[in-house]
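What follows is a single structure, written as structure tokens, with notes after it.
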2 protein chains.
Amino acid sequence: MKKISVVLMGCGGVGRQLLQHIVSFRSLHAKMGVHIRVIGVSDSKSLLVPVDVVKEELDDDLLSVVCRLKSAGSPLSTLGALGKGEYRVFSGSESRRETEAIAQLLGKSTGLVVVDCSASSETVEILMKAVDLGCCAVLANKKPLTSTLEHYDKLVLDPRRIRHESTVGAGLPVIASMNRIISSGDPVHSIVGSLSGTLGYVMSELEDGRPLSQVVRAAKTLGYTEPDPRDDLSGMDVARKGLILARLLGKRIIMDSIKIESLYPEEMRPGVMTVDDFLQNGIAKLDQSIEERVKRASSNGCVLRYVCVIEGSSVQVGIREVPKDSPLGRLRGSDNIVEIRSRCYKEQPLVIQGAGAGNDTTAAGCLADIIDMQDLFP
Amino acid sequence: MKKISVVLMGCGGVGRQLLQHIVSFRSLHAKMGVHIRVIGVSDSKSLLVPVDVVKEELDDDLLSVVCRLKSAGSPLSTLGALGKGEYRVFSGSESRRETEAIAQLLGKSTGLVVVDCSASSETVEILMKAVDLGCCAVLANKKPLTSTLEHYDKLVLDPRRIRHESTVGAGLPVIASMNRIISSGDPVHSIVGSLSGTLGYVMSELEDGRPLSQVVRAAKTLGYTEPDPRDDLSGMDVARKGLILARLLGKRIIMDSIKIESLYPEEMRPGVMTVDDFLQNGIAKLDQSIEERVKRASSNGCVLRYVCVIEGSSVQVGIREVPKDSPLGRLRGSDNIVEIRSRCYKEQPLVIQGAGAGNDTTAAGCLADIIDMQDLFP
């Protein structure tokens, strides 16, 4: 039985779902000859590890307790009080030092996967260190890969040891497919993607004639948006995904060189306007101009989509008119879609489409990444 | 630099294209730290190897000569006459013994990939032997995987060592995506696919009101069909793909348990009717009944598609009415499409769509498979 040791950073919706999947699919993975040994779970403040990371692991009962605790909103540090000495909880800078010590101990011997399911920009340092120590990395977190080129280069120094399917389109096999295309020598000419479930929903509702303000308020009520919907409407999340795809294609691009169209103007930005004020008064002022764009598109046989377009060395993110009867134009609701054109997919693109968000699918993408790295383990 | 040794069986359109890709993308693969060492190329009768398979490889010039020779229709055995003693050509049963000897020599030490780009049902024995000797296998050939369950089980005994993306949908990332879904514990509920470029073309032309006989004759003229178009119209090729997908899902199914709808009746089968007779006289007799089905579908808001449907333990292959505005219904021309429904892709399926045929894309799929196995090599 191959043992894959895992340290998980981030215990939010995705991280907890990943732990639950690991526990639920033990027998499936045993049939594949793989056992996932969870030897570390951390939230933003603390790290939980077994007493001896070489011989022991966090058992399934304890992982369930961790999931319940975190989903009730309690920090990992409160677990200490329940302790029976079978595990240890490190906090603050100790937690980071301990993660490094584990990476040092296991990275080159039995191997270790550091999984980043946080949404933090702080994890990049520990990830670089871990990769440098011979560990593998699996990321759902987009921030480390959209940091500076120097950080990026260090993270992907050995591309086989870093996987990040869930950074673009949740579990949709976008990154895996692009890696196949690249390694087969098929040059990618362009990528066009609708990569935000939230903005996908917004654009297809606008198409049906509803005003932007109403659609965004509904999306927030349905839980489709971030707590501040401007986090989605700014296009930053899509730009991060675009940057990740462009870098995968070998383009030396940084965030600042991406042209991003925000759906709200500067004067409505967070800090200037509260969320409530934006939703009550701000956004309605945008209804008319969006409605005009929807109508203009329609008169051209098109619909509006919020897309990321990668072509040559340019990455652009914003609203585009796309033909109503193209795969992008026919997209409904919160599904994501990616159209890749290359030598092999020239006249018609390679299209990958499906649910591109959600804790379950995002965690599934991380788990598939972990299992797919099994050949790197002894 | 990782060295991946390869023996190629089959030197038709796909095999030759694969050799050309290997040669063309040497510098790309070098950047990835990989060198593909071609140490054997065989056609149905002969095997070409370097004098010392451990130290030498077939050099790129020789591979180009092989491609030119085979595309001019000459057998590999004629290469002997040009020989300068830098390589050896084995024929008949010797050729098979030599392949086995190479597998024995390299399988467990440096590793070896046996690539099957033939269309033969005869390669299954050598593939099983090679896998048993610790070699990897990459298949574009569907026949070994659609043989008996006993053969299948032996081939996939170590699933990491056998890849066969190009057996379904050419280079489309169908198998890779399914493997990810399976390993993440996401249970697949159903798969519906249009998996024949030829039948895809035929069905979308029928939709436009053209008679079947005319469409099939045109498809043959355009080179879209096999020399005997009944090889496509029988549905056997689609059934093989369906069987491969079903077995990947763990279903214990054999060819005989697949319900296959042929587009022509028994009395027009090869052996009873010549190809010419079928095209001149036979097929026109089918025009009316197909036309009626097209019209009936249309009155239901549907179009006809020739699909493979996997659901529960059943695999069915044949014409189905599908809604005009579903991904399958909107498919045009020879693109393939696969819709996968699972826990994660429940309300809307995961859709993979694009060119599912052609030597270039099929060879690209094989090459990506080879590169993706690099972690198994020292």
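Here, A, B, ... name the chains of the structure tokens in the order displayed, residue numbers run from 1 inside each chain, and ligands are numbered from 1 in the same displayed order.
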Pick out the residues sitting within 8 Å of A:Glu100, and hand them over as a ChimeraX atom specification; count only C-alpha atoms, and ignore anything fewer than 3 positions along from it in its own chain. /A:96-97,103-104,126,129-130
Pull out every residue of chain B sitting within 7 Å of chain A, counting only C-alpha atoms, and send them as a list in words.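 The contacting residues on chain B are Phe25, Pro173, Ser177, Arg180, Ser183, Ser184, Gly185, Cys344, Tyr345, Gln348, Pro349, Leu350, Val351, Ile352, Gln353, Gly354, Ala355, Asp360, Thr361, Ala364, Leu367, Ala368, Ile371, Asp375 and Leu376 of chain B.
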Nearby residues (only C-alpha atoms) at most 12 Å from B:Ile283, same-chain spacing under 5 positions excluded, as JSON, numbers by chain: {"B": [211, 212, 213, 214, 215, 216, 217, 229, 230, 233, 263, 264, 265, 267, 268, 269, 273, 274, 275, 276, 277, 278, 288, 289, 290]}
Using atom CA of A:Ala30 and atom CA of B:Val156 as the two end points, give the distance in Å to one decimal.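 Calculated distance between atom CA of A:Ala30 and atom CA of B:Val156 is 16.3 Å.
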Just how far from atom CA of A:Met255 is atom CA of A:Gly312, in Å to one decimal?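 Atom CA of A:Met255 lies 16.0 Å from atom CA of A:Gly312.
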Write out as a ChimeraX atom specification the residues lying within 9 Å of stretch 234-241 of chain A, counting only C-alpha atoms and excluding same-chain residues fewer than 2 positions away. /A:142-143,145-146,167-169,194-196,199,229-232,243-246,255,258-264,269,306-308,315-318
Keeping only N, CA, C and O atoms, take the residues you just selected and write them out as a compact mmCIF listing (two decimals), in the first residue's frame.
# COMPACT_ATOMS: atom_id res chain seq x y z
N LYS A 142 -5.79 30.23 -5.18
CA LYS A 142 -5.23 30.85 -6.39
C LYS A 142 -4.09 31.82 -6.09
O LYS A 142 -3.30 32.14 -6.97
N LYS A 143 -4.05 32.32 -4.85
CA LYS A 143 -3.14 33.44 -4.59
C LYS A 143 -1.66 33.12 -4.76
O LYS A 143 -0.93 33.92 -5.36
N LEU A 145 -0.17 31.21 -6.79
CA LEU A 145 0.19 31.10 -8.22
C LEU A 145 0.00 32.41 -8.96
O LEU A 145 0.37 32.53 -10.13
N THR A 146 -0.62 33.40 -8.31
CA THR A 146 -0.84 34.69 -8.97
C THR A 146 0.00 35.77 -8.29
O THR A 146 -0.23 36.96 -8.49
N THR A 167 -7.82 25.44 -8.91
CA THR A 167 -7.68 26.90 -8.96
C THR A 167 -8.48 27.50 -10.12
O THR A 167 -8.74 28.69 -10.13
N VAL A 168 -8.83 26.68 -11.11
CA VAL A 168 -9.58 27.17 -12.27
C VAL A 168 -10.74 26.21 -12.53
O VAL A 168 -10.52 25.03 -12.80
N GLY A 169 -11.96 26.71 -12.40
CA GLY A 169 -13.12 25.87 -12.71
C GLY A 169 -13.34 24.73 -11.74
O GLY A 169 -13.81 23.67 -12.14
N SER A 194 -15.53 31.30 -19.56
CA SER A 194 -16.42 31.92 -18.58
C SER A 194 -16.13 31.17 -17.29
O SER A 194 -16.49 30.01 -17.13
N LEU A 195 -15.41 31.82 -16.38
CA LEU A 195 -14.77 31.11 -15.27
C LEU A 195 -15.28 31.53 -13.91
O LEU A 195 -14.66 31.23 -12.89
N SER A 196 -16.37 32.25 -13.89
CA SER A 196 -16.98 32.62 -12.61
C SER A 196 -18.44 32.17 -12.64
O SER A 196 -19.22 32.62 -13.48
N LEU A 199 -20.64 35.27 -12.04
CA LEU A 199 -20.82 36.16 -13.19
C LEU A 199 -21.54 35.44 -14.34
O LEU A 199 -22.25 36.07 -15.12
N PRO A 229 -20.60 41.37 -2.76
CA PRO A 229 -20.69 40.92 -4.17
C PRO A 229 -19.70 41.64 -5.08
O PRO A 229 -19.40 41.14 -6.16
N ARG A 230 -19.17 42.77 -4.62
CA ARG A 230 -18.19 43.47 -5.46
C ARG A 230 -16.92 42.64 -5.64
O ARG A 230 -16.18 42.84 -6.60
N ASP A 231 -16.66 41.71 -4.70
CA ASP A 231 -15.51 40.81 -4.89
C ASP A 231 -15.67 39.99 -6.16
O ASP A 231 -14.68 39.66 -6.82
N ASP A 232 -16.90 39.64 -6.50
CA ASP A 232 -17.14 38.94 -7.77
C ASP A 232 -17.20 39.91 -8.94
O ASP A 232 -16.61 39.68 -9.99
N LEU A 243 -4.72 34.53 -15.21
CA LEU A 243 -3.27 34.60 -15.01
C LEU A 243 -2.68 33.19 -14.84
O LEU A 243 -1.62 32.87 -15.40
N ILE A 244 -3.37 32.35 -14.10
CA ILE A 244 -2.89 30.98 -13.88
C ILE A 244 -2.83 30.22 -15.21
O ILE A 244 -1.84 29.55 -15.52
N LEU A 245 -3.88 30.35 -16.03
CA LEU A 245 -3.90 29.67 -17.32
C LEU A 245 -2.78 30.20 -18.23
O LEU A 245 -2.08 29.43 -18.89
N ALA A 246 -2.62 31.53 -18.25
CA ALA A 246 -1.60 32.13 -19.12
C ALA A 246 -0.20 31.69 -18.70
O ALA A 246 0.64 31.35 -19.54
N MET A 255 -0.05 40.16 -12.73
CA MET A 255 -1.42 40.63 -12.55
C MET A 255 -1.63 42.01 -13.16
O MET A 255 -2.67 42.26 -13.79
N ILE A 258 -2.75 42.52 -16.80
CA ILE A 258 -4.05 42.03 -17.26
C ILE A 258 -5.05 43.19 -17.29
O ILE A 258 -5.18 43.93 -16.32
N LYS A 259 -5.72 43.34 -18.42
CA LYS A 259 -6.75 44.36 -18.54
C LYS A 259 -8.05 43.81 -17.96
O LYS A 259 -8.58 42.83 -18.48
N ILE A 260 -8.50 44.41 -16.87
CA ILE A 260 -9.68 43.90 -16.18
C ILE A 260 -10.80 44.92 -16.20
O ILE A 260 -10.61 46.06 -15.81
N GLU A 261 -11.95 44.49 -16.69
CA GLU A 261 -13.12 45.37 -16.66
C GLU A 261 -13.94 45.07 -15.41
O GLU A 261 -14.42 43.95 -15.23
N SER A 262 -14.08 46.06 -14.53
CA SER A 262 -14.91 45.89 -13.34
C SER A 262 -16.35 46.23 -13.70
O SER A 262 -16.59 47.10 -14.53
N LEU A 263 -17.30 45.52 -13.07
CA LEU A 263 -18.71 45.82 -13.37
C LEU A 263 -19.23 47.03 -12.61
O LEU A 263 -20.37 47.44 -12.81
N TYR A 264 -18.42 47.58 -11.69
CA TYR A 264 -18.87 48.79 -10.98
C TYR A 264 -17.76 49.85 -11.08
O TYR A 264 -16.58 49.49 -11.20
N ARG A 269 -16.50 51.69 -5.06
CA ARG A 269 -15.63 50.62 -4.57
C ARG A 269 -15.71 50.46 -3.04
O ARG A 269 -16.12 51.39 -2.35
N TYR A 306 -19.23 37.42 -19.36
CA TYR A 306 -18.05 37.94 -18.68
C TYR A 306 -16.95 36.88 -18.85
O TYR A 306 -17.01 35.81 -18.25
N VAL A 307 -15.99 37.18 -19.69
CA VAL A 307 -15.01 36.15 -20.05
C VAL A 307 -13.58 36.59 -19.83
O VAL A 307 -13.27 37.77 -19.70
N CYS A 308 -12.75 35.58 -19.80
CA CYS A 308 -11.32 35.77 -19.81
C CYS A 308 -10.84 35.33 -21.19
O CYS A 308 -11.22 34.26 -21.67
N VAL A 315 -3.82 39.00 -21.90
CA VAL A 315 -4.91 38.42 -21.11
C VAL A 315 -5.89 39.55 -20.82
O VAL A 315 -5.51 40.58 -20.27
N GLN A 316 -7.12 39.35 -21.25
CA GLN A 316 -8.14 40.37 -21.00
C GLN A 316 -9.32 39.75 -20.29
O GLN A 316 -9.70 38.61 -20.59
N VAL A 317 -9.91 40.50 -19.38
CA VAL A 317 -11.02 40.00 -18.59
C VAL A 317 -12.12 41.05 -18.62
O VAL A 317 -11.89 42.20 -18.27
N GLY A 318 -13.29 40.66 -19.06
CA GLY A 318 -14.38 41.63 -19.10
C GLY A 318 -15.56 41.12 -19.89
O GLY A 318 -15.62 39.95 -20.27
Could you pull out the strand (DSSP E) residues of stretch 91-317 of chain A from DSSP and send them as number ranges by chain? A: 91, 113-116, 136-139, 162-163, 188-194, 259-260, 302-311, 314-317
Nearest residue to B:Gly40 out of B:Ala72, B:Ile319, B:Val23, B:Val114, using only C-alpha atoms? B:Val114
As a PyMOL selection string, please: every residue in stretch 131-278 of chain A that a backbone DSSP assignment puts in alpha helix (DSSP H). chain A and resi 131-132+149-155+174-183+197-207+212-221+230-233+236-248+275-277
Taking 2 positions as the minimum chain separation for residues in the same chain, which residues sit within 8 Å of B:Asp43 when counting only C-alpha atoms? Answer as a list in words.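 What passes the distance filter is Met9, Gly10, Cys11, Val41, Lys45, Ser46, Leu47, Pro75 and Leu76 of chain B.
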Suppose we keep N, CA and C atoms; can you now write the selection as an mmCIF file, in the first residue's frame?
data_model
loop_
_atom_site.group_PDB
_atom_site.id
_atom_site.type_symbol
_atom_site.label_atom_id
_atom_site.label_comp_id
_atom_site.auth_asym_id
_atom_site.auth_seq_id
_atom_site.Cartn_x
_atom_site.Cartn_y
_atom_site.Cartn_z
ATOM 1 N N MET B 9 4.193 -0.388 -31.839
ATOM 2 C CA MET B 9 3.592 -1.398 -32.712
ATOM 3 C C MET B 9 2.570 -0.699 -33.594
ATOM 4 N N GLY B 10 2.726 -0.833 -34.896
ATOM 5 C CA GLY B 10 1.768 -0.209 -35.803
ATOM 6 C C GLY B 10 2.345 1.046 -36.418
ATOM 7 N N CYS B 11 2.437 1.054 -37.711
ATOM 8 C CA CYS B 11 3.088 2.146 -38.426
ATOM 9 C C CYS B 11 2.167 2.729 -39.472
ATOM 10 N N VAL B 41 10.284 -0.249 -33.675
ATOM 11 C CA VAL B 41 9.115 0.132 -34.473
ATOM 12 C C VAL B 41 8.713 -1.116 -35.238
ATOM 13 N N LYS B 45 4.366 -7.226 -39.879
ATOM 14 C CA LYS B 45 5.249 -8.364 -40.180
ATOM 15 C C LYS B 45 6.638 -8.272 -39.566
ATOM 16 N N SER B 46 7.153 -7.062 -39.362
ATOM 17 C CA SER B 46 8.564 -6.939 -38.978
ATOM 18 C C SER B 46 8.760 -5.981 -37.812
ATOM 19 N N LEU B 47 9.928 -6.099 -37.197
ATOM 20 C CA LEU B 47 10.297 -5.214 -36.085
ATOM 21 C C LEU B 47 11.686 -4.657 -36.358
ATOM 22 N N PRO B 75 6.521 -2.312 -46.883
ATOM 23 C CA PRO B 75 6.655 -2.903 -45.545
ATOM 24 C C PRO B 75 8.014 -2.574 -44.923
ATOM 25 N N LEU B 76 8.081 -2.621 -43.596
ATOM 26 C CA LEU B 76 9.334 -2.350 -42.876
ATOM 27 C C LEU B 76 10.458 -3.271 -43.325
#
Between B:Cys117, B:Leu79, B:Val131, B:Leu48, which has the minimum distance to B:His164 (counting only C-alpha atoms)?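 For B:His164, the nearest of the candidates is B:Cys117.
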Selection: 9 Å around stretch 300-303 of chain A, only C-alpha atoms, excl. self and same-chain fewer than 4 positions, as an MDAnalysis selection string: chainID A and resid 203:204 207 294:296 320:325 329:330
